[in-house]
$ cat coords_33.txt   # compact mmCIF, C-alpha atoms and all ligand atoms
# COMPACT_ATOMS: atom_id res chain seq x y z
CA MET J 5 -3.25 12.13 -23.50
CA THR J 6 -6.72 13.22 -22.52
CA LEU J 7 -8.28 14.01 -19.17
CA GLY J 8 -11.99 14.53 -18.58
CA GLY J 9 -12.51 14.14 -22.32
CA LEU J 10 -10.08 16.95 -23.24
CA ALA J 11 -6.68 16.76 -24.89
CA ILE J 12 -3.85 17.95 -22.66
CA THR J 13 -2.47 19.86 -25.67
CA ASP J 14 -5.73 21.84 -25.94
CA LEU J 15 -5.75 22.56 -22.20
CA VAL J 16 -2.24 23.96 -22.33
CA ALA J 17 -3.09 25.99 -25.44
CA GLU J 18 -5.98 27.57 -23.54
CA PHE J 19 -4.68 27.79 -19.96
CA GLY J 20 -0.89 27.82 -20.35
CA SER J 21 1.91 25.76 -18.82
CA PRO J 22 2.66 24.59 -16.18
CA LEU J 23 -0.89 23.67 -15.28
CA TRP J 24 -2.63 21.61 -12.60
CA VAL J 25 -5.45 19.60 -14.16
CA VAL J 26 -8.05 18.15 -11.80
CA ASP J 27 -10.37 15.39 -13.01
CA GLU J 28 -13.68 16.20 -11.33
CA HIS J 29 -15.18 12.76 -11.88
CA ASP J 30 -12.17 11.09 -10.28
CA LEU J 31 -12.24 13.44 -7.29
CA ARG J 32 -15.96 12.92 -6.71
CA THR J 33 -15.79 9.14 -7.18
CA ARG J 34 -12.84 8.83 -4.83
CA THR J 35 -14.49 11.00 -2.18
CA ARG J 36 -17.71 9.01 -2.44
CA ALA J 37 -15.80 5.74 -2.14
CA TYR J 38 -14.17 7.03 1.03
CA VAL J 39 -17.48 8.14 2.52
CA GLU J 40 -19.04 4.77 1.62
CA ALA J 41 -16.10 2.87 3.12
CA PHE J 42 -16.85 4.49 6.47
CA PRO J 43 -20.63 4.18 6.97
CA GLY J 44 -21.86 6.34 9.84
CA VAL J 45 -18.44 8.00 10.16
CA ARG J 46 -17.86 11.73 9.59
CA VAL J 47 -15.25 12.13 6.85
CA ALA J 48 -13.39 15.43 7.09
CA TYR J 49 -11.25 16.56 4.14
CA ALA J 50 -7.85 17.63 5.51
CA SER J 51 -7.77 20.73 3.38
CA LYS J 52 -4.05 21.37 3.96
CA ALA J 53 -3.59 18.88 1.10
CA TRP J 54 -5.00 21.52 -1.26
CA PRO J 55 -6.99 24.25 0.43
CA THR J 56 -8.61 25.82 -2.56
CA VAL J 57 -12.21 27.00 -2.82
CA ALA J 58 -13.40 24.71 -5.62
CA VAL J 59 -11.86 21.57 -4.11
CA MET J 60 -13.45 22.33 -0.73
CA GLN J 61 -16.81 22.87 -2.47
CA ILE J 62 -16.60 19.57 -4.33
CA VAL J 63 -15.66 17.40 -1.36
CA SER J 64 -18.15 19.21 0.88
CA SER J 65 -20.91 18.54 -1.67
CA GLU J 66 -19.95 14.84 -1.44
CA GLY J 67 -20.62 14.84 2.29
CA CYS J 68 -17.27 15.79 3.84
CA LEU J 69 -16.56 18.08 6.74
CA ILE J 70 -13.57 20.37 6.21
CA ASP J 71 -10.42 20.36 8.33
CA VAL J 72 -8.49 23.61 8.49
CA ALA J 73 -5.20 24.39 10.20
CA SER J 74 -4.88 28.17 9.99
CA ALA J 75 -6.89 31.37 9.63
CA GLY J 76 -6.09 31.27 5.91
CA GLU J 77 -7.57 27.80 5.47
CA LEU J 78 -10.55 28.79 7.63
CA HIS J 79 -11.12 31.91 5.54
CA THR J 80 -10.92 29.78 2.37
CA ALA J 81 -13.60 27.49 3.79
CA MET J 82 -15.79 30.51 4.55
CA VAL J 83 -15.36 31.81 0.99
CA ALA J 84 -16.23 28.30 -0.25
CA GLY J 85 -19.50 28.54 1.70
CA ILE J 86 -18.74 25.59 3.99
CA PRO J 87 -21.23 25.48 6.91
CA VAL J 88 -19.28 26.58 9.97
CA ALA J 89 -20.53 23.61 11.98
CA ASP J 90 -18.78 21.35 9.44
CA ILE J 91 -15.36 22.84 10.16
CA VAL J 92 -12.69 21.25 12.30
CA PHE J 93 -9.84 23.52 13.37
CA HIS J 94 -6.38 21.93 13.82
CA GLY J 95 -2.90 23.22 14.51
CA ASN J 96 -0.16 22.85 17.10
CA ASN J 97 0.20 26.61 17.50
CA LYS J 98 -3.06 28.37 16.72
CA SER J 99 -2.70 32.03 17.50
CA GLU J 100 -4.92 34.05 19.79
CA ALA J 101 -6.36 35.78 16.70
CA GLU J 102 -7.07 32.43 15.01
CA LEU J 103 -8.88 31.08 18.07
CA ARG J 104 -10.93 34.28 18.40
CA MET J 105 -11.85 34.01 14.71
CA ALA J 106 -12.96 30.40 15.30
CA ALA J 107 -15.00 31.47 18.33
CA GLU J 108 -16.67 34.36 16.55
CA LEU J 109 -17.56 32.20 13.55
CA GLY J 110 -18.70 29.31 15.75
CA VAL J 111 -16.41 26.65 14.26
CA GLY J 112 -17.74 23.12 14.91
CA ARG J 113 -14.76 21.50 16.61
CA ILE J 114 -11.39 22.75 17.82
CA VAL J 115 -8.65 20.13 18.03
CA VAL J 116 -6.63 21.14 21.08
CA ASP J 117 -2.95 20.41 20.83
CA SER J 118 -1.34 21.68 24.04
CA PHE J 119 -1.80 22.82 27.65
CA ASP J 120 -1.12 26.39 26.55
CA GLU J 121 -3.96 26.14 24.10
CA LEU J 122 -6.36 24.73 26.70
CA ASP J 123 -5.66 27.76 28.88
CA ARG J 124 -5.87 30.14 25.93
CA LEU J 125 -9.28 28.73 25.01
CA GLU J 126 -10.50 28.99 28.59
CA ARG J 127 -9.52 32.66 28.71
CA ILE J 128 -10.97 33.52 25.28
CA GLY J 129 -14.13 31.55 26.06
CA SER J 130 -14.71 33.45 29.27
CA GLU J 131 -14.08 36.81 27.56
CA LEU J 132 -16.43 36.02 24.68
CA ALA J 133 -18.90 34.11 26.85
CA CYS J 134 -18.69 30.94 24.77
CA VAL J 135 -17.85 27.31 25.36
CA PHE J 136 -15.54 25.56 22.87
CA ASP J 137 -16.40 21.99 21.86
CA VAL J 138 -13.00 20.36 21.52
CA TRP J 139 -11.22 17.16 20.66
CA LEU J 140 -7.97 16.54 22.51
CA ARG J 141 -5.20 15.63 20.10
CA ILE J 142 -3.38 12.61 21.45
CA THR J 143 0.06 11.41 20.39
CA PRO J 144 -0.56 7.69 20.71
CA GLY J 145 3.02 6.41 20.43
CA ILE J 146 2.53 4.60 17.14
CA ASP J 147 5.36 4.59 14.65
CA ALA J 148 3.77 4.59 11.23
CA HIS J 149 6.94 3.65 9.25
CA THR J 150 6.66 6.47 6.80
CA HIS J 151 8.96 9.39 5.95
CA GLU J 152 10.14 11.07 9.15
CA TYR J 153 8.74 14.44 8.01
CA VAL J 154 5.21 13.01 7.80
CA ARG J 155 5.24 10.86 10.95
CA THR J 156 3.15 12.40 13.70
CA GLY J 157 2.01 9.63 16.05
CA HIS J 158 5.36 8.72 17.63
CA ASP J 159 6.33 10.02 21.06
CA ASP J 160 8.92 12.57 19.93
CA ALA J 161 6.46 14.66 17.91
CA LYS J 162 5.56 18.34 18.15
CA PHE J 163 1.85 17.52 17.92
CA GLY J 164 -0.57 16.65 20.67
CA PHE J 165 -0.55 15.26 24.19
CA THR J 166 1.92 12.39 24.48
CA LEU J 167 0.17 9.31 25.81
CA SER J 168 3.22 7.45 27.10
CA LEU J 169 4.34 10.43 29.20
CA GLY J 170 0.97 10.70 30.91
CA LEU J 171 0.24 14.02 29.20
CA ALA J 172 -2.99 12.82 27.59
CA ASP J 173 -4.41 11.85 31.00
CA LYS J 174 -3.22 15.10 32.53
CA ALA J 175 -4.75 17.15 29.71
CA PHE J 176 -8.13 15.43 30.11
CA ALA J 177 -8.12 15.89 33.88
CA HIS J 178 -7.16 19.55 33.45
CA ALA J 179 -9.80 20.15 30.76
CA LEU J 180 -12.51 18.76 33.03
CA GLU J 181 -11.81 21.62 35.44
CA LEU J 182 -12.32 24.29 32.77
CA SER J 183 -15.65 26.06 32.30
CA ASN J 184 -15.27 27.27 28.73
CA VAL J 185 -13.78 24.13 27.24
CA ASN J 186 -15.98 21.10 26.67
CA VAL J 187 -14.10 17.93 25.71
CA VAL J 188 -16.43 16.06 23.37
CA GLY J 189 -13.84 13.85 21.76
CA ALA J 190 -10.31 12.65 21.23
CA HIS J 191 -8.20 12.73 18.10
CA ALA J 192 -5.09 10.95 16.84
CA HIS J 193 -3.44 11.23 13.43
CA ILE J 194 -0.42 8.96 13.14
CA GLY J 195 1.13 10.18 9.90
CA SER J 196 0.81 10.29 6.16
CA GLN J 197 1.32 8.06 3.11
CA ILE J 198 0.91 4.91 5.22
CA PHE J 199 0.56 1.54 3.47
CA GLY J 200 -1.28 -1.34 5.08
CA THR J 201 -3.86 -1.09 7.81
CA ASP J 202 -1.95 -2.34 10.88
CA PRO J 203 -0.87 1.11 12.17
CA PHE J 204 -4.45 2.40 11.78
CA VAL J 205 -5.83 -0.63 13.62
CA ALA J 206 -3.28 -0.13 16.41
CA ASN J 207 -4.27 3.54 16.62
CA ALA J 208 -7.95 2.62 16.97
CA GLU J 209 -7.19 0.12 19.72
CA VAL J 210 -5.01 2.52 21.70
CA MET J 211 -7.54 5.32 21.46
CA VAL J 212 -10.55 3.27 22.56
CA GLU J 213 -8.52 1.96 25.48
CA LEU J 214 -7.74 5.57 26.41
CA LEU J 215 -11.41 6.58 26.31
CA ALA J 216 -12.27 3.60 28.50
CA ARG J 217 -9.54 4.60 30.96
CA TRP J 218 -10.83 8.16 31.12
CA ARG J 219 -14.32 6.84 31.85
CA GLU J 220 -12.98 4.69 34.65
CA ALA J 221 -10.90 7.50 36.14
CA HIS J 222 -13.44 10.31 35.86
CA GLY J 223 -16.83 8.72 35.21
CA VAL J 224 -17.07 10.68 31.95
CA THR J 225 -17.90 8.88 28.69
CA ILE J 226 -16.42 10.67 25.69
CA GLY J 227 -18.62 10.20 22.63
CA GLU J 228 -16.48 11.24 19.66
CA LEU J 229 -13.27 9.80 18.25
CA ASN J 230 -11.32 11.10 15.27
CA LEU J 231 -8.77 8.62 13.93
CA GLY J 232 -7.01 10.98 11.53
CA GLY J 233 -6.03 10.55 7.88
CA GLY J 234 -2.87 9.28 6.28
CA MET J 235 -3.94 6.54 3.89
CA GLY J 236 -1.18 5.94 1.35
CA ILE J 237 -1.80 6.43 -2.34
CA ARG J 238 -0.23 5.27 -5.57
CA TYR J 239 2.37 7.75 -6.78
CA THR J 240 4.39 5.23 -8.80
CA HIS J 241 3.90 1.75 -10.16
CA GLU J 242 5.80 0.42 -7.13
CA ASP J 243 3.24 1.79 -4.65
CA HIS J 244 0.52 -0.66 -3.61
CA PRO J 245 -1.90 0.99 -1.20
CA VAL J 246 -4.78 -0.98 0.28
CA ALA J 247 -8.23 -0.43 -1.18
CA ILE J 248 -10.28 2.23 0.60
CA ALA J 249 -13.03 -0.32 1.37
CA ARG J 250 -10.56 -2.64 3.11
CA TYR J 251 -9.08 0.23 5.10
CA GLY J 252 -12.55 1.31 6.27
CA LYS J 253 -13.53 -2.24 7.17
CA ASP J 254 -10.36 -2.94 9.17
CA VAL J 255 -10.57 0.33 11.10
CA LEU J 256 -14.28 -0.02 11.88
CA GLU J 257 -13.84 -3.63 12.98
CA ALA J 258 -10.92 -2.63 15.20
CA VAL J 259 -12.98 0.07 16.89
CA ARG J 260 -15.94 -2.29 17.37
CA ARG J 261 -13.71 -5.01 18.81
CA ALA J 262 -11.98 -2.59 21.15
CA CYS J 263 -15.31 -1.14 22.30
CA GLU J 264 -16.64 -4.61 23.02
CA SER J 265 -13.60 -5.63 24.98
CA HIS J 266 -13.75 -2.47 27.12
CA ASP J 267 -17.55 -2.51 27.28
CA PHE J 268 -17.44 1.00 25.87
CA PRO J 269 -20.24 2.46 23.70
CA MET J 270 -19.37 2.88 20.03
CA PRO J 271 -18.27 6.53 19.66
CA GLN J 272 -19.25 8.81 16.78
CA LEU J 273 -16.19 8.28 14.61
CA ALA J 274 -14.45 10.71 12.29
CA VAL J 275 -11.55 10.31 9.87
CA GLU J 276 -9.71 13.02 7.99
CA PRO J 277 -8.11 12.08 4.67
CA GLY J 278 -6.34 14.69 2.58
CA ARG J 279 -4.02 13.10 0.07
CA ALA J 280 -6.24 10.07 -0.60
CA LEU J 281 -9.06 12.30 -1.87
CA ILE J 282 -7.29 14.91 -3.95
CA ALA J 283 -3.81 13.69 -4.93
CA PRO J 284 -4.66 11.00 -7.50
CA SER J 285 -7.24 13.14 -9.30
CA THR J 286 -4.71 15.74 -10.40
CA VAL J 287 -1.78 15.88 -12.81
CA THR J 288 0.71 18.67 -13.40
CA VAL J 289 1.48 19.40 -17.02
CA TYR J 290 4.86 20.91 -17.89
CA THR J 291 6.55 21.88 -21.14
CA VAL J 292 10.02 20.58 -21.93
CA GLY J 293 12.40 23.52 -22.42
CA THR J 294 15.86 21.98 -22.72
CA VAL J 295 17.34 18.52 -23.16
CA LYS J 296 20.95 18.20 -22.01
CA LYS J 297 22.75 14.98 -22.93
CA LEU J 298 25.79 14.04 -20.84
CA PRO J 299 27.15 10.94 -22.64
CA GLY J 300 27.91 8.14 -20.19
CA ILE J 301 26.34 10.07 -17.33
CA ARG J 302 22.67 10.96 -17.93
CA THR J 303 20.26 13.14 -19.87
CA TYR J 304 18.64 16.08 -18.11
CA VAL J 305 15.24 17.25 -19.27
CA SER J 306 14.27 20.66 -17.90
CA VAL J 307 10.65 21.72 -17.58
CA ASP J 308 9.04 25.10 -16.99
CA GLY J 309 8.22 24.60 -13.29
CA GLY J 310 9.76 22.48 -10.55
CA MET J 311 10.25 22.80 -6.81
CA SER J 312 8.15 25.98 -6.67
CA ASP J 313 5.03 24.06 -7.72
CA ASN J 314 6.00 20.64 -6.32
CA ILE J 315 8.45 20.60 -3.42
CA ARG J 316 7.73 16.95 -2.59
CA PRO J 317 10.70 15.36 -4.43
CA ALA J 318 13.11 17.83 -2.76
CA LEU J 319 11.44 17.65 0.65
CA TYR J 320 10.62 13.95 1.03
CA ASP J 321 12.49 12.25 -1.86
CA ALA J 322 9.00 11.70 -3.22
CA GLU J 323 8.49 10.13 -6.64
CA HIS J 324 5.73 10.64 -9.19
CA GLU J 325 5.23 8.85 -12.49
CA VAL J 326 5.87 11.04 -15.52
CA ALA J 327 4.44 10.48 -19.00
CA LEU J 328 4.67 12.10 -22.40
CA ALA J 329 1.32 13.84 -22.84
CA SER J 330 1.41 15.69 -26.16
CA ARG J 331 1.98 13.01 -28.77
CA GLU J 332 2.43 9.31 -29.38
CA SER J 333 5.90 7.85 -29.74
CA ASP J 334 7.19 4.42 -30.71
CA ALA J 335 10.71 5.31 -29.61
CA GLU J 336 12.36 2.98 -27.12
CA LEU J 337 12.18 4.17 -23.54
CA ALA J 338 15.19 5.92 -22.06
CA ALA J 339 15.84 7.03 -18.47
CA TYR J 340 15.71 10.82 -18.19
CA THR J 341 16.36 12.95 -15.15
CA VAL J 342 13.47 15.40 -15.25
CA VAL J 343 14.34 18.62 -13.44
CA GLY J 344 12.79 22.02 -12.87
CA LYS J 345 14.04 25.47 -13.82
CA HIS J 346 15.12 26.61 -10.36
CA CYS J 347 18.61 27.48 -9.18
CA GLU J 348 19.01 24.39 -7.00
CA SER J 349 20.49 21.01 -7.89
CA GLY J 350 17.80 19.42 -5.73
CA ASP J 351 15.10 20.84 -8.00
CA LEU J 352 14.01 17.44 -9.20
CA VAL J 353 10.76 16.33 -10.81
CA ARG J 354 11.69 12.67 -11.24
CA GLU J 355 14.97 10.81 -11.22
CA ARG J 356 15.38 8.29 -14.07
CA ALA J 357 11.91 8.70 -15.54
CA PRO J 358 11.33 6.14 -18.30
CA LEU J 359 10.22 8.28 -21.26
CA PRO J 360 10.39 7.83 -25.07
CA GLY J 361 13.97 8.21 -26.34
CA ASP J 362 12.92 10.89 -28.86
CA LEU J 363 11.79 13.33 -26.16
CA ALA J 364 12.24 16.84 -27.50
CA VAL J 365 11.90 20.52 -26.68
CA GLY J 366 8.24 21.55 -26.73
CA ASP J 367 6.89 18.16 -25.64
CA LEU J 368 4.40 18.19 -22.79
CA LEU J 369 4.97 15.99 -19.75
CA ALA J 370 2.23 14.99 -17.33
CA VAL J 371 3.23 14.25 -13.74
CA ALA J 372 0.82 11.96 -11.91
CA ALA J 373 -0.92 12.36 -8.56
CA THR J 374 0.04 15.94 -7.82
CA GLY J 375 -3.17 17.15 -6.16
CA ALA J 376 -1.88 17.03 -2.57
CA TYR J 377 0.88 19.02 -0.88
CA THR J 378 2.02 20.60 -4.17
CA ALA J 379 -0.13 23.68 -4.86
CA SER J 380 -0.59 24.04 -1.10
CA MET J 381 3.18 24.21 -0.60
CA ALA J 382 3.93 26.22 -3.74
CA SER J 383 6.23 29.24 -3.62
CA ASN J 384 7.44 31.99 -5.91
CA TYR J 385 11.05 30.82 -5.74
CA ASN J 386 13.06 32.54 -8.47
CA ARG J 387 9.95 34.73 -8.74
CA LEU J 388 8.11 32.20 -10.85
CA PRO J 389 4.40 32.98 -11.06
CA ARG J 390 2.51 30.01 -9.60
CA PRO J 391 0.59 27.89 -12.15
CA GLY J 392 -3.15 27.96 -12.65
CA ALA J 393 -5.49 25.02 -12.09
CA VAL J 394 -8.37 23.75 -14.20
CA LEU J 395 -11.16 21.34 -13.41
CA VAL J 396 -12.05 19.00 -16.25
CA GLY J 397 -14.95 16.66 -16.86
CA ASP J 398 -17.39 15.67 -19.61
CA GLY J 399 -15.35 17.50 -22.21
CA ARG J 400 -15.47 20.83 -20.32
CA ALA J 401 -12.70 22.74 -18.58
CA ARG J 402 -13.16 25.40 -15.92
CA ALA J 403 -10.40 27.47 -14.35
CA ILE J 404 -10.45 27.01 -10.57
CA VAL J 405 -7.22 28.83 -9.74
CA ARG J 406 -6.02 31.75 -11.84
CA ARG J 407 -2.41 31.59 -13.05
CA GLU J 408 -0.30 34.22 -11.32
CA THR J 409 1.06 37.11 -13.34
CA LEU J 410 4.42 38.83 -13.05
CA ASP J 411 2.60 41.72 -11.38
CA ASP J 412 1.20 39.29 -8.77
CA VAL J 413 4.76 38.26 -8.02
CA VAL J 414 5.79 41.81 -7.06
CA ALA J 415 2.41 42.87 -5.68
CA ARG J 416 3.53 42.86 -2.03
CA ASP J 417 6.89 44.55 -2.58
CA ILE J 418 7.14 48.14 -1.40
CA ALA J 419 9.62 50.18 -3.41
CA LEU J 420 11.85 52.66 -1.57
CA HIS J 421 11.34 55.35 -4.19
C1 LIG W 1 -3.95 16.27 11.72
C2 LIG W 1 -3.93 15.78 10.31
N1 LIG W 1 -5.00 15.15 9.84
C3 LIG W 1 -5.03 14.70 8.58
C4 LIG W 1 -3.96 14.86 7.72
C5 LIG W 1 -4.07 14.36 6.33
O1 LIG W 1 -3.13 13.43 6.01
P1 LIG W 1 -3.20 12.74 4.57
O2 LIG W 1 -3.19 13.84 3.57
O3 LIG W 1 -1.98 11.91 4.48
O4 LIG W 1 -4.46 11.93 4.53
C6 LIG W 1 -2.83 15.50 8.19
C7 LIG W 1 -1.66 15.69 7.31
O5 LIG W 1 -0.66 16.25 7.61
C8 LIG W 1 -2.81 15.99 9.52
O6 LIG W 1 -1.74 16.62 10.01

$ encode --input "coords_33.txt" --output "structure tokens" --more "lines below"
Ligand SMILES: Cc1ncc(COP(=O)(O)O)c(C=O)c1O
Amino acid sequence: MTLGGLAITDLVAEFGSPLWVVDEHDLRTRTRAYVEAFPGVRVAYASKAWPTVAVMQIVSSEGCLIDVASAGELHTAMVAGIPVADIVFHGNNKSEAELRMAAELGVGRIVVDSFDELDRLERIGSELACVFDVWLRITPGIDAHTHEYVRTGHDDAKFGFTLSLGLADKAFAHALELSNVNVVGAHAHIGSQIFGTDPFVANAEVMVELLARWREAHGVTIGELNLGGGMGIRYTHEDHPVAIARYGKDVLEAVRRACESHDFPMPQLAVEPGRALIAPSTVTVYTVGTVKKLPGIRTYVSVDGGMSDNIRPALYDAEHEVALASRESDAELAAYTVVGKHCESGDLVRERAPLPGDLAVGDLLAVAATGAYTASMASNYNRLPRPGAVLVGDGRARAIVRRETLDDVVARDIALH
């Protein structure tokens, strides 16, 4: 198997295993396609998917704003050289220190998630003599039919001002009374890994209706609308996401239609994909360490990473395609349970992965579409050093994240004597 013109075997020989390999051409092409699918719309990369300096630099150079959701992600964006005006700051519980950092840097937009935060911003703004330009995060009451851990738009969610309970209207009315908070827009993200465009269309309709209602109630026309991210991607052969172009077209048409029907001016739109930009461009390469045959039951194949570098199978029952990457094989396919090396039975890479029946110790396996919510959720469970990451393209490889060492793993421990 090759990526970016380089053999996976050579990459592992140079950079070690496990390894995240990012195909730069794929990442750029995908980002461009997204930007082109939404003409005139600001596309913000939801950096929580993989908030690493090089990835932020690449998507920013392709025209994206950068979404952050913590001081750590904001600091990463600063190190990446992202213009501060291009940063959008999210989070349902931003701390006082995080909001002060945003104020001092002059972050472009703050997405306000709660009444407590509105009041916190008002106080910080008056102390620092600044006015925050904010979007109010609305919980629009849309059930996106995705895994319950990645649904965010339904009423019983920890995020945002719940529309059906009247909290969105209350928040807007309250914000209008504040001197250091300037509501320039509204925001709604309904969830992640969503297939089809109907939930996105419904979100657009609900949000335009809300803006029209606010105008009627207060005589204030809000000019910006962020419709979130969440487009599903192809993790396995069974996943059939819509094309980016179709998604863009349906959402833009829905907004236009809704604006026409409410006689509301077309707002400056924004969207904020994470997974759809970075996940498909990346594979994780592992080395097979043991093969355990249980006749009549199954065969376990253990690799040198697992839930510490990809928690998704354990957390969401997520599936990724797995392929033999280090050699060709004519052997008939067999179903292997590919597992990690951690002390948990739930430490799964892929259940019943169809792989050549002659799979052996030392083979390299490539796991597809691991660029989102893997490295960003990685841990040192069992004190495994986290893998490195390389960017490949045109036959060149560049390290973008250094592999951790054993000393890194104990670096924060303080010995008693
Ligand atoms: C507010 C917000 N915007 C955007 C995203 C990105 O979602 P996705 O990576 O599915 O596009 C998320 C993901 O959790 C989010 O919480």

$ closest_residue --input "coords_33.txt" --among "J:Phe165, J:Trp54, J:Phe19, J:Tyr385" --to "Thr80 (chain J)" --atoms "only C-alpha atoms"
J:Trp54

$ residues_around --input "coords_33.txt" --residues "Ala73 (chain J)" --least-positions-apart "5" --cutoff "6 Å" --atoms "only C-alpha atoms" --output "number ranges by chain"
J: 93-95

$ closest_residue --input "coords_33.txt" --among "J:Cys347, J:Met235, J:Ala283, J:Val57" --to "ligand LIG 1 (chain W)" --atoms "only C-alpha atoms and all ligand atoms"
J:Met235

$ residues_around --input "coords_33.txt" --residues "His193 (chain J)" --least-positions-apart "3" --cutoff "12 Å" --atoms "only C-alpha atoms" --output "PyMOL selection string"
chain J and resi 50+94+115+117+140-148+154-158+161+163-165+190+196-198+203-204+206-208+211+229-235+274-278

$ closest_residue --input "coords_33.txt" --among "J:Thr303, J:Ser130, J:Thr291, J:Ser380" --to "ligand LIG 1 (chain W)" --atoms "all atoms listed in the file"
J:Ser380

$ residues_near_point --input "coords_33.txt" --point "(13.7, 32.0, -5.5)" --cutoff "12 Å" --atoms "all atoms listed in the file" --output "list of chain:residue names"
J:Gly310, J:Met311, J:Ser312, J:Asp313, J:Lys345, J:His346, J:Cys347, J:Glu348, J:Asp351, J:Ala382, J:Ser383, J:Asn384, J:Tyr385, J:Asn386, J:Arg387, J:Leu388, J:Pro389, J:Val413

$ closest_residue --input "coords_33.txt" --among "J:Gly361, J:Gly223, J:Gly76, J:Gly252" --to "Val305 (chain J)" --atoms "all atoms listed in the file"
J:Gly361

$ atom_distance --input "coords_33.txt" --atom1 "CA of Ile91 (chain J)" --atom2 "CA of Val210 (chain J)"
25.6 Å

$ atom_distance --input "coords_33.txt" --atom1 "CA of Lys52 (chain J)" --atom2 "CA of Asp398 (chain J)"
27.7 Å

$ residues_around --input "coords_33.txt" --residues "Glu100 (chain J)" --least-positions-apart "6" --cutoff "12 Å" --atoms "all atoms listed in the file" --output "PDB file with C-alpha atoms, in the frame of the given file"
ATOM      1  CA  SER J  74      -4.880  28.170   9.990  1.00  0.00           C
ATOM      2  CA  ALA J  75      -6.890  31.370   9.630  1.00  0.00           C
ATOM      3  CA  ALA J 106     -12.960  30.400  15.300  1.00  0.00           C
ATOM      4  CA  ALA J 107     -15.000  31.470  18.330  1.00  0.00           C
ATOM      5  CA  ASP J 120      -1.120  26.390  26.550  1.00  0.00           C
ATOM      6  CA  GLU J 121      -3.960  26.140  24.100  1.00  0.00           C
ATOM      7  CA  LEU J 122      -6.360  24.730  26.700  1.00  0.00           C
ATOM      8  CA  ASP J 123      -5.660  27.760  28.880  1.00  0.00           C
ATOM      9  CA  ARG J 124      -5.870  30.140  25.930  1.00  0.00           C
ATOM     10  CA  LEU J 125      -9.280  28.730  25.010  1.00  0.00           C
ATOM     11  CA  GLU J 126     -10.500  28.990  28.590  1.00  0.00           C
ATOM     12  CA  ARG J 127      -9.520  32.660  28.710  1.00  0.00           C
ATOM     13  CA  ILE J 128     -10.970  33.520  25.280  1.00  0.00           C
ATOM     14  CA  GLY J 129     -14.130  31.550  26.060  1.00  0.00           C
TER      15      GLY J 129
END

$ atom_distance --input "coords_33.txt" --atom1 "CA of Arg104 (chain J)" --atom2 "CA of Asp90 (chain J)"
17.6 Å

$ closest_residue --input "coords_33.txt" --among "J:Leu167, J:Val111, J:Ala327, J:Ala357" --to "Tyr304 (chain J)" --atoms "only C-alpha atoms"
J:Ala357

$ axis_aligned_box --input "coords_33.txt" --around "region 208-222 of chain J" --padding-each-side "4 Å" --output "lines of an AutoDock Vina configuration file"
center_x = -9.7
center_y = 5.2
center_z = 26.6
size_x = 17.3
size_y = 18.2
size_z = 27.2

$ closest_residue --input "coords_33.txt" --among "J:Phe176, J:Tyr49, J:Trp24, J:Tyr38" --to "ligand LIG 1 (chain W)" --atoms "only C-alpha atoms and all ligand atoms"
J:Tyr49

$ residues_near_point --input "coords_33.txt" --point "(-12.8, 10.1, -10.2)" --cutoff "10 Å" --atoms "all atoms listed in the file" --output "PyMOL selection string"
chain J and resi 8+26-37+281-282+284-286+397

$ residues_around --input "coords_33.txt" --residues "Gly392 (chain J)" --least-positions-apart "4" --cutoff "9 Å" --atoms "all atoms listed in the file" --output "count of residues only"
13

$ decode --input "coords_33.txt" --residues "region 309-317 of chain J" --atoms "N, CA and C atoms" --output "PDB file, in the first residue's frame"
ATOM      1  N   GLY J 309      -1.357  -0.632  19.139  1.00  0.00           N
ATOM      2  CA  GLY J 309      -2.021   0.566  19.674  1.00  0.00           C
ATOM      3  C   GLY J 309      -3.372   0.145  20.178  1.00  0.00           C
ATOM      4  N   GLY J 310      -4.412   0.944  19.852  1.00  0.00           N
ATOM      5  CA  GLY J 310      -5.762   0.565  20.262  1.00  0.00           C
ATOM      6  C   GLY J 310      -6.530   1.749  20.801  1.00  0.00           C
ATOM      7  N   MET J 311      -7.264   1.516  21.902  1.00  0.00           N
ATOM      8  CA  MET J 311      -8.182   2.551  22.386  1.00  0.00           C
ATOM      9  C   MET J 311      -7.463   3.823  22.847  1.00  0.00           C
ATOM     10  N   SER J 312      -6.165   3.763  23.088  1.00  0.00           N
ATOM     11  CA  SER J 312      -5.457   4.989  23.472  1.00  0.00           C
ATOM     12  C   SER J 312      -5.227   5.908  22.266  1.00  0.00           C
ATOM     13  N   ASP J 313      -5.203   5.366  21.060  1.00  0.00           N
ATOM     14  CA  ASP J 313      -5.057   6.241  19.890  1.00  0.00           C
ATOM     15  C   ASP J 313      -6.335   6.303  19.052  1.00  0.00           C
ATOM     16  N   ASN J 314      -7.309   5.448  19.336  1.00  0.00           N
ATOM     17  CA  ASN J 314      -8.612   5.541  18.669  1.00  0.00           C
ATOM     18  C   ASN J 314      -9.684   4.980  19.600  1.00  0.00           C
ATOM     19  N   ILE J 315     -10.323   5.860  20.332  1.00  0.00           N
ATOM     20  CA  ILE J 315     -11.344   5.453  21.304  1.00  0.00           C
ATOM     21  C   ILE J 315     -12.695   5.247  20.631  1.00  0.00           C
ATOM     22  N   ARG J 316     -12.815   5.590  19.354  1.00  0.00           N
ATOM     23  CA  ARG J 316     -14.130   5.620  18.709  1.00  0.00           C
ATOM     24  C   ARG J 316     -14.867   4.268  18.737  1.00  0.00           C
ATOM     25  N   PRO J 317     -14.192   3.144  18.428  1.00  0.00           N
ATOM     26  CA  PRO J 317     -14.938   1.876  18.503  1.00  0.00           C
ATOM     27  C   PRO J 317     -15.481   1.612  19.915  1.00  0.00           C
TER      28      PRO J 317
END
